[in-house]
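File shown: final_31.cif. Contents: mmCIF, C-alpha atoms.
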data_query
#
loop_
_atom_site.label_atom_id
_atom_site.label_comp_id
_atom_site.auth_asym_id
_atom_site.auth_seq_id
_atom_site.Cartn_x
_atom_site.Cartn_y
_atom_site.Cartn_z
CA MET G 16 -14.03 -47.80 84.13
CA LYS G 17 -16.01 -47.75 80.86
CA ILE G 18 -15.78 -43.94 80.65
CA TYR G 19 -11.97 -44.10 80.94
CA LYS G 20 -11.78 -46.64 78.10
CA LEU G 21 -14.02 -44.43 75.94
CA PHE G 22 -11.88 -41.40 76.76
CA ILE G 23 -8.66 -43.28 75.88
CA CYS G 24 -10.18 -44.47 72.58
CA VAL G 25 -11.15 -40.92 71.65
CA ILE G 26 -7.68 -39.59 72.50
CA LEU G 27 -6.02 -42.39 70.50
CA SER G 28 -8.34 -41.68 67.54
CA PHE G 29 -7.38 -37.98 67.52
CA TRP G 30 -3.70 -38.90 67.80
CA ALA G 31 -3.96 -41.38 64.91
CA ALA G 32 -5.76 -38.84 62.76
CA SER G 33 -3.11 -36.20 63.44
CA THR G 34 -0.31 -38.49 62.24
CA ILE G 35 -1.74 -38.67 58.71
CA ASN G 36 0.62 -36.88 56.33
CA VAL G 37 -1.02 -33.75 54.94
CA GLN G 38 0.30 -32.57 51.57
CA ALA G 39 -0.10 -29.30 49.75
CA GLN G 40 -2.20 -29.37 46.61
CA ASN G 41 -0.47 -30.88 43.63
CA GLY G 42 -1.30 -28.09 41.17
CA ASP G 43 -4.74 -29.28 40.09
CA GLN G 44 -7.12 -26.39 40.43
CA ILE G 45 -10.64 -25.87 39.16
CA LEU G 46 -11.62 -22.43 37.89
CA ASP G 47 -15.31 -22.00 37.02
CA GLY G 48 -15.52 -25.74 36.31
CA ILE G 49 -12.42 -25.75 34.10
CA GLY G 50 -9.41 -27.86 35.11
CA GLU G 51 -6.47 -25.48 35.27
CA THR G 52 -3.49 -27.85 35.44
CA GLY G 53 -2.43 -27.42 31.81
CA LEU G 54 -4.12 -24.05 31.29
CA ILE G 55 -1.70 -21.42 29.95
CA ALA G 56 -4.07 -18.45 29.91
CA ARG G 57 -7.76 -17.63 30.23
CA TYR G 58 -9.22 -14.33 29.10
CA VAL G 59 -12.81 -13.53 30.05
CA PHE G 60 -12.89 -9.99 28.56
CA ASP G 61 -15.55 -8.85 31.01
CA GLY G 62 -14.15 -5.35 31.53
CA ASP G 63 -10.43 -5.88 30.98
CA ALA G 64 -7.89 -8.21 29.32
CA LYS G 65 -6.62 -9.88 32.49
CA ASP G 66 -5.48 -13.49 32.47
CA TRP G 67 -7.67 -15.48 34.87
CA SER G 68 -5.22 -18.39 35.08
CA ARG G 69 -2.50 -18.45 37.70
CA ASN G 70 0.14 -17.43 35.11
CA ASN G 71 -0.72 -13.69 35.00
CA LEU G 72 -0.17 -13.35 31.23
CA HIS G 73 -2.37 -10.26 30.94
CA GLY G 74 -3.30 -8.93 27.52
CA LYS G 75 -3.43 -5.32 26.35
CA ILE G 76 -6.27 -3.76 24.40
CA GLN G 77 -4.88 -1.69 21.55
CA ASP G 78 -7.33 1.18 21.33
CA SER G 79 -8.83 3.44 23.95
CA LYS G 80 -12.20 3.49 22.10
CA VAL G 81 -12.85 -0.22 22.75
CA LYS G 82 -16.02 -0.77 24.75
CA PHE G 83 -17.35 -3.45 27.03
CA ILE G 84 -21.08 -3.83 26.53
CA ASP G 85 -23.78 -5.78 28.33
CA ASP G 86 -24.97 -8.94 26.58
CA ASP G 87 -28.13 -10.83 27.58
CA LYS G 88 -26.41 -14.23 27.46
CA PHE G 89 -22.81 -13.56 28.56
CA GLY G 90 -22.99 -10.44 30.73
CA LYS G 91 -20.28 -7.86 30.07
CA VAL G 92 -18.40 -8.60 26.82
CA LEU G 93 -15.66 -7.03 24.71
CA PHE G 94 -16.98 -5.07 21.71
CA LEU G 95 -14.55 -4.26 18.89
CA PRO G 96 -16.25 -1.79 16.51
CA GLU G 97 -15.29 -2.14 12.85
CA ALA G 98 -14.40 1.51 12.40
CA ILE G 99 -11.56 1.66 14.95
CA LYS G 100 -9.60 -1.50 13.93
CA ALA G 101 -8.98 -2.39 17.59
CA PHE G 102 -7.41 -5.63 18.77
CA VAL G 103 -6.01 -7.37 21.84
CA VAL G 104 -2.30 -8.15 22.17
CA LEU G 105 -1.30 -11.16 24.25
CA PRO G 106 2.21 -11.70 25.65
CA GLY G 107 4.49 -14.00 23.63
CA GLN G 108 4.77 -16.40 26.59
CA VAL G 109 1.17 -17.50 25.86
CA VAL G 110 2.37 -19.55 22.87
CA ALA G 111 6.13 -19.85 23.48
CA GLY G 112 7.39 -23.42 23.60
CA ILE G 113 4.03 -25.18 23.29
CA GLU G 114 3.46 -28.11 20.98
CA SER G 115 -0.35 -27.99 20.83
CA LEU G 116 -2.96 -25.32 21.36
CA SER G 117 -6.70 -25.16 22.00
CA ILE G 118 -8.58 -21.88 21.62
CA THR G 119 -12.22 -21.49 22.59
CA GLY G 120 -14.32 -18.38 22.26
CA TRP G 121 -17.68 -16.93 21.38
CA VAL G 122 -17.64 -14.49 18.47
CA TYR G 123 -20.62 -12.53 17.19
CA MET G 124 -19.86 -11.18 13.73
CA GLN G 125 -22.03 -8.16 12.93
CA SER G 126 -21.28 -8.20 9.21
CA LYS G 127 -20.43 -10.73 6.50
CA GLU G 128 -17.45 -8.68 5.34
CA SER G 129 -14.27 -10.70 4.85
CA GLY G 130 -11.02 -9.79 6.58
CA GLN G 131 -12.33 -9.96 10.15
CA GLN G 132 -9.95 -11.92 12.40
CA PHE G 133 -10.89 -14.03 15.42
CA PHE G 134 -7.21 -14.39 16.24
CA ASP G 135 -3.87 -13.99 14.49
CA PHE G 136 -0.66 -15.32 16.01
CA GLY G 137 2.41 -13.95 14.31
CA LYS G 138 4.08 -10.80 13.10
CA SER G 139 4.20 -11.25 9.32
CA ASP G 140 2.17 -12.71 6.44
CA LYS G 141 4.75 -15.49 5.99
CA SER G 142 4.85 -16.66 9.60
CA HIS G 143 1.51 -16.63 11.37
CA PHE G 144 -1.56 -18.65 12.28
CA SER G 145 -4.95 -17.00 12.09
CA VAL G 146 -8.69 -17.62 11.83
CA ALA G 147 -10.95 -15.42 9.72
CA PRO G 148 -14.57 -16.56 10.26
CA MET G 149 -15.92 -14.66 7.24
CA GLY G 150 -12.93 -15.17 4.95
CA ASN G 151 -9.75 -13.29 4.11
CA LYS G 152 -8.66 -11.12 1.18
CA ASN G 153 -8.12 -14.23 -1.03
CA HIS G 154 -11.05 -16.52 -0.09
CA ASP G 155 -14.63 -16.24 1.18
CA GLY G 156 -15.95 -18.30 4.08
CA PHE G 157 -14.19 -19.62 7.16
CA GLN G 158 -10.40 -19.57 6.74
CA ALA G 159 -7.72 -20.88 9.10
#
Write the structure described by the file as structure tokens, please.
Amino acid sequence: MKIYKLFICVILSFWAASTINVQAQNGDQILDGIGETGLIARYVFDGDAKDWSRNNLHGKIQDSKVKFIDDDKFGKVLFLPEAIKAFVVLPGQVVAGIESLSITGWVYMQSKESGQQFFDFGKSDKSHFSVAPMGNKNHDGFQA
């Protein structure tokens, strides 16, 4: 009789466990340790300009001479030689309709020459937001 009671308890336990409501994930995802819920785009630049977030806002590299080189610390990285004036174009949806923005990146400047841009959002000198780590044509030093 004890075996039947044990068997019934096991069956009831499985039945109770199966009635728990299972829900799909609520959008919170972790990508390489980074919470992705509010992430608009993530560019690793380890061989291409693909967006690693779930939004697929892939960038385009504007020069065929751009290289990806091996770095001791970061692996494969994007190298933009000074002579070719190359840059990466991101789709407008990356910044459309947002009220705040956080940009993180590692930049290794190989010269102290001013005019080098980390990023520049905008299409004209009157309407844009940019960062020049070594200065711009008007001022030396870090300029935002």
Since I can't run it myself right now, could you work out what the PyMOL selection byres ((chain G and resi 116) around 12) selects here and report it as an NGL selection string? :G and (53-56 or 109-115 or 117-119 or 136 or 144)
Set the distance at 12 Å and use all atoms listed in the file: which residues neighbour Phe89 in chain G once local chain neighbours fewer than 5 positions away are removed? I'd like the list as an MDAnalysis selection string. chainID G and resid 59:61 83:84 120:123
Please provide the set of residues having any atom within 6 Å of range 125-130 of chain G, restricted to only C-alpha atoms, with same-chain residues fewer than 5 positions apart removed, written as a PyMOL selection string. chain G and resi 149-151
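The closest residue to Asp78 in chain G, picked from G:Lys91, G:Arg57, G:Lys100, G:Lys65 and counting only C-alpha atoms, is G:Lys100.
We find CA of Phe133 in chain G and CA of Ala147 in chain G to be spaced 5.9 Å apart.
Across the model, the gap from CA of Val104 in chain G to CA of Lys75 in chain G is 5.2 Å.
Counting from CA of Phe102 in chain G, the distance to CA of Asp87 in chain G is 23.1 Å.
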Run the PyMOL selection byres ((chain G and resi 74) around 7) mentally over the shown coordinates, then write out the matched residues as a ChimeraX atom specification, using the chain letters and numbers from the document. /G:64-65,72-73,75-76,103-106
Spatial neighbours of Lys80 in chain G, 9 Å, only C-alpha atoms, chain gap at least 4 places, as a list in words: Leu95, Pro96, Ile99 and Ala101 of chain G
